[in-house]
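> A single structure is presented below for examination.
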Amino acid sequence: MPSDNPVLLILDLVGTLAFALNGALTAIRVTRLDIVGVVTLGMITGLGGGMIRDVLIDDLPPATFNDWRYLVVAAGGGLLAYALSRWLDRLITPILIFDAAGLSLFAVTGASKGLDFGLGVGQAIILGTITAVGGGTVRDVMVRQVPTVLHSGLYAIPALVAATIVAGAYGFGFEGVSIAVGAAVVCFAIRLVGLRLNLNAPGPPGQHR
């Protein structure tokens, strides 16, 4: 589990912070919520993916409720975003960067935790992807937007790539910090390239995207 592995714990907490910042800033930009709403959405975004992961593998109660650091980091991210809200117009790019960072880190920790719990390579890849997109999906639903994972082709795909790198390497007997970090970097880079070039997976024939 990330809580048993210092490196994975750090990656998990950094991912929680990144998604909490993203969720809170999204709340400010899209809905203009008050401080309670901003912090709440930030925490839900930061903690949602990990909670879905832990429920799926029956690691209960979820790490969020076993380790106070998750709640503190998520709440801190929400409060920090609220404090920065006066510069919101300048923070559109950071919102996307935080989202890409959270996506990357959770894809890695989700797949890694799945492997630690004895899942097969394929199942760990699925778990890593679900962990990565879970928080963002809950965020989008709560602000009444079509979830990014359903219309941005290079959202779930980078997470799938990162989870595949981690689980695939494990299947061949390789694991460690360098693989985890490398997989996260690959996911982050693919996501940013997709945003920069406005790339998407192919849509249905005849549909213009």
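Every chain in the structure tokens takes a letter, A first, then B, and so on in the order presented; its residues are numbered from 1, and the ligands are numbered from 1 following the presented order.
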Please list as JSON, numbers by chain every residue within 8 Å of range 144-152 of chain A, counting only C-alpha atoms and excluding residues in the same chain fewer than 5 positions away.
{"A": [133, 136, 137, 138, 200, 201]}
> Near Pro62 in chain A, within 10 Å and counting only C-alpha atoms, which residues show up once chain neighbours fewer than 4 positions away are dropped, as an mmCIF file with N, CA and C atoms, in the first residue's frame?

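As a result, around.cif now contains:
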```
data_model
loop_
_atom_site.group_PDB
_atom_site.id
_atom_site.type_symbol
_atom_site.label_atom_id
_atom_site.label_comp_id
_atom_site.auth_asym_id
_atom_site.auth_seq_id
_atom_site.Cartn_x
_atom_site.Cartn_y
_atom_site.Cartn_z
ATOM 1 N N LEU A 47 -9.541 13.449 -2.924
ATOM 2 C CA LEU A 47 -9.661 12.172 -2.223
ATOM 3 C C LEU A 47 -10.498 11.134 -2.971
ATOM 4 N N GLY A 50 -8.693 8.006 -4.779
ATOM 5 C CA GLY A 50 -8.127 7.066 -3.813
ATOM 6 C C GLY A 50 -9.194 6.287 -3.068
ATOM 7 N N MET A 51 -10.306 6.946 -2.759
ATOM 8 C CA MET A 51 -11.385 6.256 -2.055
ATOM 9 C C MET A 51 -12.028 5.201 -2.948
ATOM 10 N N ILE A 52 -12.238 5.541 -4.231
ATOM 11 C CA ILE A 52 -12.788 4.553 -5.171
ATOM 12 C C ILE A 52 -11.844 3.362 -5.270
ATOM 13 N N ARG A 53 -10.551 3.642 -5.373
ATOM 14 C CA ARG A 53 -9.531 2.578 -5.441
ATOM 15 C C ARG A 53 -9.628 1.640 -4.241
ATOM 16 N N ASP A 54 -9.663 2.217 -3.045
ATOM 17 C CA ASP A 54 -9.645 1.400 -1.832
ATOM 18 C C ASP A 54 -10.929 0.584 -1.674
ATOM 19 N N VAL A 55 -12.063 1.154 -2.075
ATOM 20 C CA VAL A 55 -13.321 0.413 -2.008
ATOM 21 C C VAL A 55 -13.291 -0.774 -2.970
ATOM 22 N N ILE A 57 -10.783 -2.537 -4.004
ATOM 23 C CA ILE A 57 -9.910 -3.635 -3.575
ATOM 24 C C ILE A 57 -10.200 -4.054 -2.131
ATOM 25 N N ASP A 58 -11.297 -3.508 -1.580
ATOM 26 C CA ASP A 58 -11.753 -3.872 -0.238
ATOM 27 C C ASP A 58 -10.712 -3.539 0.828
ATOM 28 N N ASN A 66 -7.841 6.408 7.457
ATOM 29 C CA ASN A 66 -6.832 5.753 8.283
ATOM 30 C C ASN A 66 -5.628 6.632 8.533
ATOM 31 N N ASP A 67 -5.431 7.642 7.691
ATOM 32 C CA ASP A 67 -4.240 8.490 7.765
ATOM 33 C C ASP A 67 -4.674 9.953 7.672
#
```
> At most 9 Å is the cut-off: for each residue in range 138-160 of chain A with any atom that close to an atom of range 19-34 of chain A, write down the nearest atom pair and the distance in Å rounded to one decimal, counting only C-alpha atoms, chain first then increasing number, as a Markdown table.

```
| residue | atom | partner | partner_atom | distance |
| --- | --- | --- | --- | --- |
| A:Arg139 | CA | A:Gly23 | CA | 6.3 |
| A:Asp140 | CA | A:Gly23 | CA | 8.8 |
| A:Val143 | CA | A:Thr31 | CA | 6.9 |
```
> Would you mind listing what lies within 10 Å of Leu8 in chain A as an MDAnalysis selection string, with only C-alpha atoms counted and same-chain residues fewer than 2 positions away left out?
chainID A and resid 1:6 10:14 105:106 108:110 112:113 176:177 180:181
> Determine the nearest neighbour of Met43 in chain A from the options A:Ala167, A:Arg90, A:Gly135, A:Ser178, counting only C-alpha atoms.
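With only C-alpha atoms as the atom set, the closest residue is A:Gly135.
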> Going by DSSP on the backbone, which residues of range 32-150 of chain A come out as alpha helix (DSSP H)? List them as a CSV table (one decimal) with C-alpha atoms, in the first residue's frame.

```csv
chain,number,residue,atom,x,y,z
A,35,ILE,CA,-15.2,29.0,1.0
A,36,VAL,CA,-17.1,25.9,2.2
A,37,GLY,CA,-18.0,24.8,-1.3
A,38,VAL,CA,-14.5,25.5,-2.6
A,39,VAL,CA,-12.8,23.5,0.1
A,40,THR,CA,-15.4,20.7,-0.1
A,41,LEU,CA,-15.0,20.3,-3.9
A,42,GLY,CA,-11.3,20.4,-3.6
A,43,MET,CA,-11.3,17.7,-0.9
A,44,ILE,CA,-13.7,15.5,-2.9
A,45,THR,CA,-11.5,15.9,-6.0
A,46,GLY,CA,-8.3,15.2,-4.1
A,47,LEU,CA,-9.7,12.2,-2.2
A,48,GLY,CA,-12.2,10.7,-4.6
A,49,GLY,CA,-9.9,8.6,-6.8
A,50,GLY,CA,-8.1,7.1,-3.8
A,51,MET,CA,-11.4,6.3,-2.1
A,52,ILE,CA,-12.8,4.6,-5.2
A,53,ARG,CA,-9.5,2.6,-5.4
A,54,ASP,CA,-9.6,1.4,-1.8
A,55,VAL,CA,-13.3,0.4,-2.0
A,56,LEU,CA,-12.7,-1.6,-5.2
A,63,ALA,CA,-6.7,5.3,3.5
A,64,THR,CA,-8.3,8.7,3.7
A,65,PHE,CA,-9.8,7.7,7.0
A,66,ASN,CA,-6.8,5.8,8.3
A,68,TRP,CA,-5.0,12.1,8.8
A,69,ARG,CA,-2.4,13.4,6.4
A,70,TYR,CA,-4.8,12.8,3.4
A,71,LEU,CA,-7.5,15.0,4.9
A,72,VAL,CA,-5.0,17.7,5.9
A,73,VAL,CA,-3.4,17.8,2.5
A,74,ALA,CA,-6.7,17.9,0.7
A,75,ALA,CA,-8.2,20.6,2.9
A,76,GLY,CA,-4.9,22.6,2.7
A,77,GLY,CA,-5.1,22.4,-1.1
A,78,GLY,CA,-8.7,23.7,-1.0
A,79,LEU,CA,-7.8,26.6,1.3
A,80,LEU,CA,-4.7,27.5,-0.7
A,81,ALA,CA,-6.8,27.7,-3.9
A,82,TYR,CA,-9.4,29.8,-2.1
A,83,ALA,CA,-6.6,32.2,-1.0
A,92,ILE,CA,-6.2,28.7,-15.9
A,93,THR,CA,-2.9,27.0,-16.9
A,94,PRO,CA,-2.1,25.9,-13.4
A,95,ILE,CA,-5.5,24.4,-13.1
A,96,LEU,CA,-4.7,22.2,-16.1
A,97,ILE,CA,-1.2,21.4,-14.8
A,98,PHE,CA,-2.5,20.4,-11.4
A,99,ASP,CA,-5.1,18.1,-13.1
A,100,ALA,CA,-2.3,16.5,-15.2
A,101,ALA,CA,-0.1,16.0,-12.2
A,102,GLY,CA,-2.9,14.4,-10.1
A,103,LEU,CA,-3.8,12.2,-13.1
A,104,SER,CA,-0.2,11.0,-13.4
A,105,LEU,CA,0.5,10.4,-9.8
A,106,PHE,CA,-2.8,8.5,-9.1
A,107,ALA,CA,-2.4,6.3,-12.1
A,108,VAL,CA,1.0,5.2,-10.7
A,109,THR,CA,-0.1,4.8,-7.1
A,110,GLY,CA,-3.4,3.1,-8.1
A,111,ALA,CA,-1.6,0.5,-10.2
A,112,SER,CA,1.1,0.0,-7.5
A,113,LYS,CA,-1.4,-0.5,-4.7
A,114,GLY,CA,-3.3,-3.0,-6.9
A,115,LEU,CA,-0.2,-5.0,-7.4
A,116,ASP,CA,0.6,-4.8,-3.7
A,121,VAL,CA,-1.2,-7.0,-14.2
A,122,GLY,CA,-4.4,-6.4,-16.2
A,123,GLN,CA,-6.5,-5.7,-13.1
A,124,ALA,CA,-3.8,-3.4,-11.7
A,125,ILE,CA,-3.8,-1.4,-15.0
A,126,ILE,CA,-7.6,-1.0,-14.8
A,127,LEU,CA,-7.4,0.0,-11.1
A,128,GLY,CA,-4.6,2.6,-11.8
A,129,THR,CA,-6.7,4.2,-14.6
A,130,ILE,CA,-9.9,4.3,-12.5
A,131,THR,CA,-7.9,5.8,-9.6
A,132,ALA,CA,-6.5,8.5,-11.9
A,133,VAL,CA,-9.8,9.6,-13.5
A,134,GLY,CA,-12.0,9.0,-10.5
A,135,GLY,CA,-11.5,12.3,-8.7
A,136,GLY,CA,-11.8,14.4,-11.8
A,137,THR,CA,-15.0,12.6,-12.8
A,138,VAL,CA,-16.6,13.3,-9.4
A,139,ARG,CA,-15.5,16.9,-9.7
A,140,ASP,CA,-17.0,17.4,-13.1
A,141,VAL,CA,-20.3,15.7,-12.1
A,142,MET,CA,-20.6,18.0,-9.1
A,148,THR,CA,-13.4,15.1,-19.0
A,149,VAL,CA,-12.7,11.4,-19.3
A,150,LEU,CA,-15.7,11.1,-21.6
```
